[in-house]
Structures are given as C-alpha cells and as structure tokens.
Amino acid sequence: MFFIIKLFTIFFLSFFCHSLKSSSQIIDFTYNGFRPPPTDISVQGITTFTPNGRLMLTNTTMQSTGHAFYTKPIRFKDSPNGTVSSFSTTFVLAIHPQTPLVGTHGMAFVVAPSPSLPLATFGQYLGLFNVTNDGNDSNHVFAVEFDTIRNMVFNDTNNNHVGIDINSLNSVKSSPAGYWDEKDQFTNLTLISGKQMQVWIDYDGRTHRINVTMAPFRENKPIKPLVSIVRDLSLVLLQDMYVGFSSATGTIVSEHIVLGWSFRVKGEAQPLVLSKLPKLPVWNSKPTRLYRFYKNWVPLISFLLISLLIVIFLVRFIVRRRRKFAEELEDWETEFEKNRLKFKDLYYATKGFKDKNLLGSGGFGRVYRGLMPKTKKDIAVKRVSNESRQGLKEFVAEIVSIGQMSHRNLVPLLGYCRRRDELLLVYDYMPNGSLDKYLYNSPEVTLDWRQRFKVINGVASALFYLHEEWEQVVIHRDVKASNVLLDAELNGRLGDFGLAQLCDHGSDPQTTHIVGTWGYLAPDHIRTGRATTGTDVFAFGVLLLEVACGRRPIEIDHVSGERVVLVDWVFGFWMEGNILNATDQNLGSEYNQSEVEMVLKLGLLCSHSDPKARPTMRHVLHYLRGDSMLPDLSPVDLRGSGIMLGTNHGSNESGMFTTESTVAYSVLSSGR
C-alpha cells in the first residue's frame, strides 16, 4: 500500500512539473518600442537598436542583410505531427529610401526554424533565401514580404507590394500595398514614403486562413484584409519555431525600421500602445546629388532612348512591311489595273494564308478562304505557281477577259494579283464546297438524285455559255468534280479558270500543250495536244458518270489491284443489259430511273473516243431538258461501229490510251 502511494506521488509530481514546464512556454510578447534594447531579441548583420528605441533592420550599408529574432522558441504545434495553432502579430514599420522615391529591396516578417539565417543573401532575396535554396520545402519558412522592387523572376505584382511567401520569394499570393476603408474603397500606401504604417498578420488554425492587413499609422484595423489565402501551415512549420524580421540592401539602399511589435500564439496579439512608440527622425528634405540626377536627367535620357527605339522599330516595321507586300507591276499590266487586286488586301483577308483557312489544294495550287477587309465579301483565293514567265501577258489577258463573263452557273472570277513567282486568282466563295466531297468514299452528306440532276444541268448550261454564247469561245480544259462548286442553294457552278483558253468563234485554238487531269483527258487531246470544245464535252461526260455512279474516273480494284476506268466500268454494265446497276448505292431506290439511265448513256456518248461522235453542249442541254431524245444506240452497235468508249491503260483494243497515255501521265501536274 505504501509503495502504491509513493508511486502515485511520484507520478503526480512528474505531471505537475511537466505542466509547469508547458505553462512556462512563452506564447506572447509585446514591445512598445525597443528601449532599453531587449535581451530576448538577437540582431545579426547590419541590424541595430537606436538609443530612442527603434529597431533598425538596415542602414545605408550596401549589399548587406539584417535580421532580428526573438531568441526563445515559440511552440506552434502541441505535438510534432500536430496542426499549427492560431497565431497573430502586429507591428509598425517605416521604410526610408536614401534616394527619395527610388525603391530598393524590402523587408519581411518571418517564421523560421532557427533564430538566424546565415546562408541567406542580400538584394532580391531579402535576407531570407539564396539562389540555391529558394523554393525548397526543407526551408520550413513562412514570411510576409514588403517589397519595393518588382522582380520578374519572382513574378512580383509591382514595385510596391505585399506578398505571402512559403519557402520561396515567389509569393503564393500578393497585392499592391494599401488598405480597404469602411466604404470598401481601396487606397494605396507607398511603402517607401518614410511614413509609419501598421501591419496585422493573423493565422486561423482551424480554417487555415492567412490574413494580412495594413493601414496608415493611428488608423483602426480595417475589416477587410489586404491579402487573404487558405493554406495549411502544418507541413511548413515545425513544432518549435522562431519569429522575427529580415531585410536586405542592394546597390541602392533604404532604412527599414520597426517601431513596435506584438505577437501571440493561440490568441490575438496585444494591441500596441501607439503613443509609447519611438518617433521617427526628421528626414533630410534636401535632395541628394543622386536624386537630383535621377530627377533631372534620367527622365530625359529615358525619353530619348525610348524615342530612338520607337523610330528604329518603325523604320524596320515599314521596311519589312514593304518587302512583305511588294508586288510587280509591269507596263503591260496598266490596261488590266482595274482587275488587279492588292496582295496586302488578300493577305489580310486570308489572315496570312494560314492553314486553318485552307479550302483545298491540288497540282496547280492551294485555295484559301478569305474575307475582304473593306467590303466584307467572302472570297476564295487560289495561289498558282508561276515559275515560268512565258506567255504571262496572254494568260493575264485571258483571265481578265474571263472575269468579265456573267452566268448564274459560273463561279465569278473577281480579279487577280501577281507577286514574285506566283499568281493569285480571286473567286467568289462558294459555301457548300466542291461537288467531289459529296460523291466519294461514303460521304457524310450525300445528294439525292434531284439535287444531282440540278447540278449537272447547271454545269451543262455553263459550258454551253462558254462554248457558244459568250463573245469568244472559252475552252475550260479542266472540267471535273472538284472544280464544280455548290453555292448556298446547292446550284452547280463551274469554277477554276486557271487553265482556260480563249479563241474566236470559227477558229481553232493553237496551243498544243497537254494540260488537264488524268481520267478526264480526251484521247484526241492526248494524241494532238489540242484542246477543243469536244475535249470539254469528253470531260463533262466523265463528270456525268461520276455524279450518277458516285465513283472516281479511275479507281484501283482492291481485289485485283488493277485500275478500273469508270467509262469502261459503266459500259460493261450496258453491255450486260443492266446499266442501272452502275448507279450510286447512296441514291437508294427513290429516284427517276429513266433520268438516271439517260444520264449514264449520255455520259458514255459524251466520252466517245471519236470527237466527231460526241454531241455539242447545245445538244447535251436538249437531252437533259427533255427537248430531244437521246439517239437509240445499243452497245453492240457502238462496238460494231468501232466506237469503243474507253480502255484500260496500255490496252491496244481500241487504239486509244497506248503510248499517248504515258505522255498524258507525265503532264498531269503541269500548268500552262
């Protein structure tokens, strides 16, 4: 029994002593000035106490650091792995720059694991960190900076800001120095004004909210904080930490002064007795020589340098702009000047010919969508390579002439532009794009037969206009599905006159250069190199078959790997007596079978190997409109008459695509 009582007594005395030890832990202090110099505040670097009780963190010594720390550890956690308790501090500071209104490096309130920071450097690091440890989680440093230089490395707000720092001078949140009054209006405070300002820093251990508030001296604490953020400091601060101030100078110096300081853990810091705080000295109002230099000469020098830089920039900009938009204008172009568009306008219309405005590309150029800056008109601009200058004048003359044509089924050619080694042809923009994207490879949007028939009627009408109705004969030379554009009402419009050729009615074109697209080239054009209205009819016949069958002029058979010519493929069905089996499956079953059959046979007739057997576009229009009946010819009659419509490449059966085919293939990508 005696042993138990003795054991209980020892345990009670031990617990009582531990309680006394815990209760003796310092949790708050207040300094209404620092006179006499307190023994529980240590100073390092250039920090000193003045006789009248001011804590001078820095003086006029350049490139130095100054620290002042409360020497006793403050217990921020009840256990090493616990949460940080609430704490609060308030102090009065003043910053006096050596050169009036010229900021230097600032100061900071700091919570650190040691009462000294020996590895910290001066200047931009404010005596807190150095170039190697800034940003390291092992620092365990919480600080509130009052910085008077904007450092882009640390993403500073401006050159007069307050920031919350955690292990780094790259603040987690910052704000220009100032305060919010009772009317919720923000008022700036200039840190380097040399005036006294009071600061409050509060951390709520329950909500983890950090509030930093400041106000002019002798003003009440504003209700709304200047900087506020929620951050749990439990992983930042250790169980026992030290509190104090840090500051630094650079090549330009300021005096950083603390006049009074109060701190408390687990409660609100005691208010400072402002009347007991030491007075600030009367600063010398006479401007220093350095300040007079800054005031009188720096603005003038800055103005001259900025003006010089602006002039240099403008000169370079104008020169580069002129080079960028330089155009060639030769004497012979004066007669076409009204049809010539400015490259600068086309450049801005297409936003610099960006790929996002690309409508399509082919062997003869790339087409871009644009919006003319002045007229707000939608346009399509085709950039055509023009490495050869041969025949350029005649080409431009033909383009300008074609631009004068007006027909509802032609894409209007608005004009041209010539620059360096390229030509730019400008057309009206067709919102529904080209016909080919509605025909091949299971298109997302398909056209019904009524719409397709409307398109081929429109193209036929356009070709008849070109061949017979205009003042000159226009041979398009590149009739194909990708050159048939659909307007907003899905009307077919024939476009791209980059290869077109003009001649007078009753005369033959003299050009013998083979141009066009493989699959649309007439055999007679390949043999002679001469383009005629009949070669346009041949290409139109292939187009008719494309529209009705939904197939390309030449395709590769996936099973045999051989090329399949569309004309031969359709002719094969006709030979077997079931030509409608060539119809595009995407048409379904709801279509006019007699119309489709007529279009298929008309396509074969137009693609006749003998140009004399092909109908003219006038006759084609009569057939399409029902004004005339298609000749009643059987495939046997055609074969018996030697009228073979097409052939596989290299075949000699019809005498068509033999040696000439190789020639045609070599010129598929050639221009005029």
# chains A, B, ... in the order shown; residues from 1 in each chain; ligands from 1
>>> select_by_dssp(residues="segment 115-225 of chain A", states="strand (DSSP E)", output="VMD selection string")
chain A and resid 142 to 147 161 to 166 173 to 176 178 to 180 186 to 188 197 to 203 209 to 216
>>> residues_around(residues="segment 372-378 of chain A", least_positions_apart="5", cutoff="8 Å", atoms="only C-alpha atoms", output="ChimeraX atom specification")
/A:345-346,348-349,428-429
>>> write_last_selection(atoms="C-alpha atoms", output="short mmCIF file (atom, residue, chain, number, x, y, z; two decimals), in the first residue's frame")
data_model
loop_
_atom_site.label_atom_id
_atom_site.label_comp_id
_atom_site.auth_asym_id
_atom_site.auth_seq_id
_atom_site.Cartn_x
_atom_site.Cartn_y
_atom_site.Cartn_z
CA ASP A 345 -5.73 43.03 -99.05
CA LEU A 346 -5.63 39.33 -99.92
CA TYR A 348 -5.25 40.24 -94.51
CA ALA A 349 -8.41 38.70 -96.00
CA ASP A 428 -16.48 34.30 -105.09
CA TYR A 429 -16.59 31.94 -102.13
#
>>> select_by_dssp(residues="segment 388-545 of chain A", states="alpha helix (DSSP H)", output="number ranges by chain")
A: 392-403, 449-464, 523-528, 533-545
>>> atom_distance(atom1="atom CA of Arg264 of chain A", atom2="atom CA of His105 of chain A")
28.1 Å
>>> residues_around(residues="Ala248 of chain A", least_positions_apart="5", cutoff="10 Å", atoms="only C-alpha atoms", output="PyMOL selection string")
chain A and resi 45-47+57-59+61-67+104-108+120-128+253-256
>>> write_last_selection(atoms="N, CA and C atoms", output="PDB file, in the first residue's frame")
ATOM      1  N   GLY A  45      23.895  40.787 -38.688  1.00  0.00           N
ATOM      2  CA  GLY A  45      24.148  41.596 -39.866  1.00  0.00           C
ATOM      3  C   GLY A  45      24.260  43.054 -39.499  1.00  0.00           C
ATOM      4  N   ILE A  46      23.595  43.920 -40.264  1.00  0.00           N
ATOM      5  CA  ILE A  46      23.683  45.367 -40.041  1.00  0.00           C
ATOM      6  C   ILE A  46      22.535  45.885 -39.167  1.00  0.00           C
ATOM      7  N   THR A  47      21.748  44.972 -38.556  1.00  0.00           N
ATOM      8  CA  THR A  47      20.622  45.381 -37.725  1.00  0.00           C
ATOM      9  C   THR A  47      21.128  45.919 -36.369  1.00  0.00           C
ATOM     10  N   LEU A  57      16.534  47.613 -38.991  1.00  0.00           N
ATOM     11  CA  LEU A  57      16.922  46.374 -39.683  1.00  0.00           C
ATOM     12  C   LEU A  57      18.065  46.612 -40.654  1.00  0.00           C
ATOM     13  N   THR A  58      18.054  47.739 -41.364  1.00  0.00           N
ATOM     14  CA  THR A  58      19.135  48.080 -42.294  1.00  0.00           C
ATOM     15  C   THR A  58      19.504  49.536 -42.112  1.00  0.00           C
ATOM     16  N   ASN A  59      20.660  49.886 -42.663  1.00  0.00           N
ATOM     17  CA  ASN A  59      21.102  51.271 -42.680  1.00  0.00           C
ATOM     18  C   ASN A  59      21.582  51.607 -44.083  1.00  0.00           C
ATOM     19  N   THR A  61      24.338  50.879 -45.459  1.00  0.00           N
ATOM     20  CA  THR A  61      25.358  49.944 -45.959  1.00  0.00           C
ATOM     21  C   THR A  61      24.796  49.171 -47.157  1.00  0.00           C
ATOM     22  N   MET A  62      25.554  49.153 -48.244  1.00  0.00           N
ATOM     23  CA  MET A  62      25.076  48.492 -49.461  1.00  0.00           C
ATOM     24  C   MET A  62      25.333  46.991 -49.413  1.00  0.00           C
ATOM     25  N   GLN A  63      24.482  46.239 -50.113  1.00  0.00           N
ATOM     26  CA  GLN A  63      24.618  44.797 -50.330  1.00  0.00           C
ATOM     27  C   GLN A  63      24.867  44.041 -49.024  1.00  0.00           C
ATOM     28  N   SER A  64      23.935  44.247 -48.108  1.00  0.00           N
ATOM     29  CA  SER A  64      24.052  43.599 -46.791  1.00  0.00           C
ATOM     30  C   SER A  64      22.688  43.085 -46.366  1.00  0.00           C
ATOM     31  N   THR A  65      22.698  42.215 -45.330  1.00  0.00           N
ATOM     32  CA  THR A  65      21.463  41.696 -44.767  1.00  0.00           C
ATOM     33  C   THR A  65      21.366  42.091 -43.302  1.00  0.00           C
ATOM     34  N   GLY A  66      20.148  42.121 -42.791  1.00  0.00           N
ATOM     35  CA  GLY A  66      19.911  42.402 -41.391  1.00  0.00           C
ATOM     36  C   GLY A  66      18.784  41.546 -40.858  1.00  0.00           C
ATOM     37  N   HIS A  67      18.971  40.965 -39.641  1.00  0.00           N
ATOM     38  CA  HIS A  67      17.965  40.104 -39.040  1.00  0.00           C
ATOM     39  C   HIS A  67      17.768  40.469 -37.588  1.00  0.00           C
ATOM     40  N   THR A 104      14.237  50.312 -53.148  1.00  0.00           N
ATOM     41  CA  THR A 104      15.292  49.319 -53.061  1.00  0.00           C
ATOM     42  C   THR A 104      14.646  48.028 -52.586  1.00  0.00           C
ATOM     43  N   HIS A 105      15.454  47.082 -52.135  1.00  0.00           N
ATOM     44  CA  HIS A 105      14.904  45.807 -51.706  1.00  0.00           C
ATOM     45  C   HIS A 105      14.205  45.961 -50.365  1.00  0.00           C
ATOM     46  N   GLY A 106      13.210  45.101 -50.104  1.00  0.00           N
ATOM     47  CA  GLY A 106      12.303  45.306 -48.978  1.00  0.00           C
ATOM     48  C   GLY A 106      12.673  44.534 -47.734  1.00  0.00           C
ATOM     49  N   MET A 107      11.651  44.300 -46.905  1.00  0.00           N
ATOM     50  CA  MET A 107      11.812  43.611 -45.636  1.00  0.00           C
ATOM     51  C   MET A 107      10.696  42.584 -45.501  1.00  0.00           C
ATOM     52  N   ALA A 108      10.778  41.742 -44.436  1.00  0.00           N
ATOM     53  CA  ALA A 108       9.772  40.699 -44.265  1.00  0.00           C
ATOM     54  C   ALA A 108       9.653  40.320 -42.799  1.00  0.00           C
ATOM     55  N   ALA A 120      21.400  33.089 -46.036  1.00  0.00           N
ATOM     56  CA  ALA A 120      20.600  33.999 -46.858  1.00  0.00           C
ATOM     57  C   ALA A 120      21.481  35.096 -47.455  1.00  0.00           C
ATOM     58  N   THR A 121      21.080  35.592 -48.620  1.00  0.00           N
ATOM     59  CA  THR A 121      21.866  36.607 -49.313  1.00  0.00           C
ATOM     60  C   THR A 121      21.101  37.915 -49.406  1.00  0.00           C
ATOM     61  N   PHE A 122      21.822  38.961 -49.762  1.00  0.00           N
ATOM     62  CA  PHE A 122      21.265  40.312 -49.827  1.00  0.00           C
ATOM     63  C   PHE A 122      20.513  40.499 -51.141  1.00  0.00           C
ATOM     64  N   GLY A 123      20.093  41.742 -51.379  1.00  0.00           N
ATOM     65  CA  GLY A 123      19.442  42.094 -52.635  1.00  0.00           C
ATOM     66  C   GLY A 123      18.057  41.504 -52.741  1.00  0.00           C
ATOM     67  N   GLN A 124      17.769  40.872 -53.879  1.00  0.00           N
ATOM     68  CA  GLN A 124      16.415  40.415 -54.188  1.00  0.00           C
ATOM     69  C   GLN A 124      15.922  39.303 -53.275  1.00  0.00           C
ATOM     70  N   TYR A 125      16.847  38.642 -52.548  1.00  0.00           N
ATOM     71  CA  TYR A 125      16.444  37.544 -51.676  1.00  0.00           C
ATOM     72  C   TYR A 125      16.038  38.022 -50.278  1.00  0.00           C
ATOM     73  N   LEU A 126      16.077  39.331 -50.013  1.00  0.00           N
ATOM     74  CA  LEU A 126      15.563  39.951 -48.789  1.00  0.00           C
ATOM     75  C   LEU A 126      16.158  39.350 -47.515  1.00  0.00           C
ATOM     76  N   GLY A 127      17.322  38.695 -47.618  1.00  0.00           N
ATOM     77  CA  GLY A 127      17.925  38.086 -46.443  1.00  0.00           C
ATOM     78  C   GLY A 127      17.209  36.835 -45.979  1.00  0.00           C
ATOM     79  N   LEU A 128      16.328  36.261 -46.825  1.00  0.00           N
ATOM     80  CA  LEU A 128      15.569  35.067 -46.459  1.00  0.00           C
ATOM     81  C   LEU A 128      16.160  33.793 -47.046  1.00  0.00           C
ATOM     82  N   VAL A 253      20.135  51.794 -51.359  1.00  0.00           N
ATOM     83  CA  VAL A 253      19.784  51.357 -50.010  1.00  0.00           C
ATOM     84  C   VAL A 253      18.568  52.106 -49.482  1.00  0.00           C
ATOM     85  N   SER A 254      17.946  51.472 -48.489  1.00  0.00           N
ATOM     86  CA  SER A 254      16.856  52.063 -47.716  1.00  0.00           C
ATOM     87  C   SER A 254      17.027  51.655 -46.257  1.00  0.00           C
ATOM     88  N   GLU A 255      16.500  52.464 -45.379  1.00  0.00           N
ATOM     89  CA  GLU A 255      16.462  52.111 -43.958  1.00  0.00           C
ATOM     90  C   GLU A 255      15.114  51.467 -43.669  1.00  0.00           C
ATOM     91  N   HIS A 256      15.156  50.237 -43.149  1.00  0.00           N
ATOM     92  CA  HIS A 256      13.943  49.508 -42.799  1.00  0.00           C
ATOM     93  C   HIS A 256      13.830  49.515 -41.276  1.00  0.00           C
TER      94      HIS A 256
END
>>> closest_residue(among="A:Gly403, A:Gly495, A:Gly178, A:Gly541", to="Arg340 of chain A", atoms="only C-alpha atoms")
A:Gly403
>>> atom_distance(atom1="atom CA of Thr535 of chain A", atom2="atom CA of Pro431 of chain A")
29.1 Å
>>> atom_distance(atom1="atom CA of Arg35 of chain A", atom2="atom CA of Leu117 of chain A")
24.8 Å
>>> residues_around(residues="segment 275-284 of chain A", least_positions_apart="2", cutoff="8 Å", atoms="only C-alpha atoms", output="PyMOL selection string")
chain A and resi 32-33+52-54+259-260+273+286-287
>>> write_last_selection(atoms="N, CA and C atoms", output="PDB file, in the first residue's frame")
ATOM      1  N   ASN A  32       6.457  47.905 -27.037  1.00  0.00           N
ATOM      2  CA  ASN A  32       6.057  49.248 -27.454  1.00  0.00           C
ATOM      3  C   ASN A  32       7.326  50.087 -27.575  1.00  0.00           C
ATOM      4  N   GLY A  33       8.128  49.789 -28.572  1.00  0.00           N
ATOM      5  CA  GLY A  33       9.455  50.368 -28.711  1.00  0.00           C
ATOM      6  C   GLY A  33      10.477  49.401 -28.152  1.00  0.00           C
ATOM      7  N   ASN A  52      16.860  55.763 -29.000  1.00  0.00           N
ATOM      8  CA  ASN A  52      15.474  56.122 -28.670  1.00  0.00           C
ATOM      9  C   ASN A  52      14.509  54.963 -28.858  1.00  0.00           C
ATOM     10  N   GLY A  53      15.022  53.727 -29.151  1.00  0.00           N
ATOM     11  CA  GLY A  53      14.156  52.554 -29.153  1.00  0.00           C
ATOM     12  C   GLY A  53      13.671  52.093 -30.500  1.00  0.00           C
ATOM     13  N   ARG A  54      14.306  52.496 -31.593  1.00  0.00           N
ATOM     14  CA  ARG A  54      13.916  51.998 -32.917  1.00  0.00           C
ATOM     15  C   ARG A  54      14.741  50.756 -33.260  1.00  0.00           C
ATOM     16  N   LEU A 259       9.090  49.922 -35.261  1.00  0.00           N
ATOM     17  CA  LEU A 259       8.923  50.803 -34.103  1.00  0.00           C
ATOM     18  C   LEU A 259       8.252  50.093 -32.935  1.00  0.00           C
ATOM     19  N   GLY A 260       7.477  49.057 -33.191  1.00  0.00           N
ATOM     20  CA  GLY A 260       6.810  48.309 -32.138  1.00  0.00           C
ATOM     21  C   GLY A 260       6.350  46.978 -32.664  1.00  0.00           C
ATOM     22  N   VAL A 273       0.572  50.129 -27.879  1.00  0.00           N
ATOM     23  CA  VAL A 273       0.258  51.463 -27.354  1.00  0.00           C
ATOM     24  C   VAL A 273       1.000  52.448 -28.240  1.00  0.00           C
ATOM     25  N   LYS A 286      16.494  67.867 -48.073  1.00  0.00           N
ATOM     26  CA  LYS A 286      17.307  68.357 -49.175  1.00  0.00           C
ATOM     27  C   LYS A 286      17.636  67.195 -50.107  1.00  0.00           C
ATOM     28  N   PRO A 287      17.310  67.298 -51.372  1.00  0.00           N
ATOM     29  CA  PRO A 287      17.568  66.179 -52.294  1.00  0.00           C
ATOM     30  C   PRO A 287      19.056  65.894 -52.430  1.00  0.00           C
TER      31      PRO A 287
END
>>> closest_residue(among="A:Trp569, A:Lys454, A:Ala215, A:Ile95", to="Asp557 of chain A", atoms="only C-alpha atoms")
A:Trp569
>>> residues_around(residues="Glu471 of chain A", least_positions_apart="2", cutoff="12 Å", atoms="only C-alpha atoms", output="list in words")
Ser401, Ile402, Gln404, Met405, Ser406, Tyr465, Leu466, His467, Glu468, Glu469, Val473, Val474, Leu502, Cys503, Asp504, His505 and Gly506 of chain A
>>> write_last_selection(atoms="N, CA and C atoms", output="short mmCIF file (atom, residue, chain, number, x, y, z; two decimals), in the first residue's frame")
data_model
loop_
_atom_site.label_atom_id
_atom_site.label_comp_id
_atom_site.auth_asym_id
_atom_site.auth_seq_id
_atom_site.Cartn_x
_atom_site.Cartn_y
_atom_site.Cartn_z
N SER A 401 -10.31 38.69 -119.23
CA SER A 401 -11.46 38.54 -120.12
C SER A 401 -12.50 37.61 -119.52
N ILE A 402 -12.05 36.50 -118.97
CA ILE A 402 -12.97 35.56 -118.33
C ILE A 402 -13.67 36.21 -117.15
N GLN A 404 -14.83 38.99 -117.02
CA GLN A 404 -15.94 39.83 -117.48
C GLN A 404 -17.20 39.01 -117.77
N MET A 405 -17.09 37.68 -117.75
CA MET A 405 -18.25 36.84 -118.04
C MET A 405 -19.22 36.86 -116.87
N SER A 406 -20.48 36.69 -117.17
CA SER A 406 -21.50 36.66 -116.13
C SER A 406 -22.54 35.59 -116.47
N TYR A 465 -22.68 28.12 -122.37
CA TYR A 465 -22.40 29.57 -122.37
C TYR A 465 -20.96 29.83 -122.80
N LEU A 466 -20.02 29.06 -122.27
CA LEU A 466 -18.61 29.26 -122.60
C LEU A 466 -18.34 28.95 -124.06
N HIS A 467 -18.94 27.87 -124.56
CA HIS A 467 -18.64 27.42 -125.93
C HIS A 467 -19.35 28.24 -127.01
N GLU A 468 -20.56 28.71 -126.74
CA GLU A 468 -21.35 29.29 -127.84
C GLU A 468 -21.94 30.67 -127.54
N GLU A 469 -22.21 31.00 -126.30
CA GLU A 469 -22.98 32.21 -126.03
C GLU A 469 -22.12 33.44 -125.75
N VAL A 473 -14.97 31.99 -127.76
CA VAL A 473 -15.09 30.60 -127.33
C VAL A 473 -14.12 30.39 -126.16
N VAL A 474 -14.65 29.89 -125.06
CA VAL A 474 -13.81 29.61 -123.90
C VAL A 474 -13.77 28.10 -123.71
N LEU A 502 -8.93 30.89 -124.62
CA LEU A 502 -9.89 31.63 -125.43
C LEU A 502 -9.50 31.58 -126.89
N CYS A 503 -10.51 31.57 -127.75
CA CYS A 503 -10.27 31.72 -129.19
C CYS A 503 -11.53 32.31 -129.81
N ASP A 504 -11.41 32.83 -130.99
CA ASP A 504 -12.57 33.43 -131.66
C ASP A 504 -13.48 32.34 -132.19
N HIS A 505 -14.75 32.69 -132.33
CA HIS A 505 -15.70 31.74 -132.91
C HIS A 505 -15.31 31.42 -134.35
N GLY A 506 -15.32 30.13 -134.67
CA GLY A 506 -14.97 29.71 -136.02
C GLY A 506 -13.50 29.43 -136.21
#
>>> residues_around(residues="Gly415 of chain A", least_positions_apart="6", cutoff="8 Å", atoms="only C-alpha atoms", output="MDAnalysis selection string")
chainID A and resid 339:341 399:400 403 425:427
>>> write_last_selection(atoms="N, CA and C atoms", output="mmCIF file, in the first residue's frame")
data_model
loop_
_atom_site.group_PDB
_atom_site.id
_atom_site.type_symbol
_atom_site.label_atom_id
_atom_site.label_comp_id
_atom_site.auth_asym_id
_atom_site.auth_seq_id
_atom_site.Cartn_x
_atom_site.Cartn_y
_atom_site.Cartn_z
ATOM 1 N N ASN A 339 -8.567 45.361 -112.755
ATOM 2 C CA ASN A 339 -8.869 43.977 -112.380
ATOM 3 C C ASN A 339 -7.837 43.385 -111.423
ATOM 4 N N ARG A 340 -6.815 44.173 -111.133
ATOM 5 C CA ARG A 340 -5.756 43.675 -110.251
ATOM 6 C C ARG A 340 -6.063 44.062 -108.809
ATOM 7 N N LEU A 341 -5.951 43.078 -107.926
ATOM 8 C CA LEU A 341 -6.195 43.292 -106.503
ATOM 9 C C LEU A 341 -4.867 43.394 -105.769
ATOM 10 N N ILE A 399 -7.408 35.745 -118.349
ATOM 11 C CA ILE A 399 -8.048 35.734 -117.033
ATOM 12 C C ILE A 399 -8.936 36.957 -116.860
ATOM 13 N N VAL A 400 -8.430 38.115 -117.268
ATOM 14 C CA VAL A 400 -9.222 39.335 -117.148
ATOM 15 C C VAL A 400 -10.469 39.247 -118.029
ATOM 16 N N GLY A 403 -12.960 37.093 -116.466
ATOM 17 C CA GLY A 403 -13.556 37.793 -115.331
ATOM 18 C C GLY A 403 -14.728 38.676 -115.723
ATOM 19 N N LEU A 425 -5.490 34.031 -108.048
ATOM 20 C CA LEU A 425 -6.792 34.208 -108.697
ATOM 21 C C LEU A 425 -7.852 34.267 -107.606
ATOM 22 N N VAL A 426 -8.724 35.254 -107.708
ATOM 23 C CA VAL A 426 -9.690 35.509 -106.645
ATOM 24 C C VAL A 426 -11.098 35.267 -107.169
ATOM 25 N N TYR A 427 -11.830 34.380 -106.475
ATOM 26 C CA TYR A 427 -13.187 33.999 -106.873
ATOM 27 C C TYR A 427 -14.168 34.313 -105.756
#
>>> residues_around(residues="Gly82 of chain A", least_positions_apart="4", cutoff="9 Å", atoms="only C-alpha atoms", output="list in words")
Lys77, Asp78, Ser234 and Gln239 of chain A
>>> write_last_selection(atoms="N, CA and C atoms", output="short mmCIF file (atom, residue, chain, number, x, y, z; two decimals), in the first residue's frame")
data_model
loop_
_atom_site.label_atom_id
_atom_site.label_comp_id
_atom_site.auth_asym_id
_atom_site.auth_seq_id
_atom_site.Cartn_x
_atom_site.Cartn_y
_atom_site.Cartn_z
N LYS A 77 3.00 23.99 -32.46
CA LYS A 77 2.22 22.75 -32.50
C LYS A 77 2.24 22.09 -31.13
N ASP A 78 1.14 21.48 -30.73
CA ASP A 78 1.10 20.76 -29.46
C ASP A 78 1.89 19.45 -29.54
N SER A 234 0.73 23.40 -41.49
CA SER A 234 1.19 22.28 -40.66
C SER A 234 2.37 21.55 -41.28
N GLN A 239 7.45 22.06 -34.89
CA GLN A 239 6.76 22.24 -33.60
C GLN A 239 7.23 23.52 -32.93
#
>>> closest_atom_pairs(of="segment 552-613 of chain A", to="segment 444-447 of chain A", cutoff="12 Å", atoms="only C-alpha atoms", output="CSV")
residue,atom,partner,partner_atom,distance
A:Asp584,CA,A:Thr446,CA,10.6
A:Gln585,CA,A:Thr446,CA,10.9
A:Asn586,CA,A:Thr446,CA,7.2
A:Leu587,CA,A:Leu447,CA,7.8
A:Gly588,CA,A:Leu447,CA,11.0
A:Tyr591,CA,A:Leu447,CA,11.5
>>> write_last_selection(atoms="N, CA and C atoms", output="compact mmCIF listing (two decimals), in the first residue's frame")
# COMPACT_ATOMS: atom_id res chain seq x y z
N ASP A 584 -25.10 4.86 -108.21
CA ASP A 584 -24.57 5.05 -106.86
C ASP A 584 -25.54 4.45 -105.83
N GLN A 585 -25.02 3.58 -104.95
CA GLN A 585 -25.86 2.94 -103.93
C GLN A 585 -26.42 3.95 -102.94
N ASN A 586 -25.73 5.11 -102.79
CA ASN A 586 -26.20 6.13 -101.85
C ASN A 586 -27.50 6.79 -102.30
N LEU A 587 -27.89 6.58 -103.57
CA LEU A 587 -29.14 7.16 -104.05
C LEU A 587 -30.36 6.39 -103.53
N GLY A 588 -30.13 5.17 -103.02
CA GLY A 588 -31.25 4.37 -102.55
C GLY A 588 -32.10 3.91 -103.72
N TYR A 591 -35.54 7.34 -106.95
CA TYR A 591 -35.00 8.24 -107.97
C TYR A 591 -35.68 7.91 -109.30
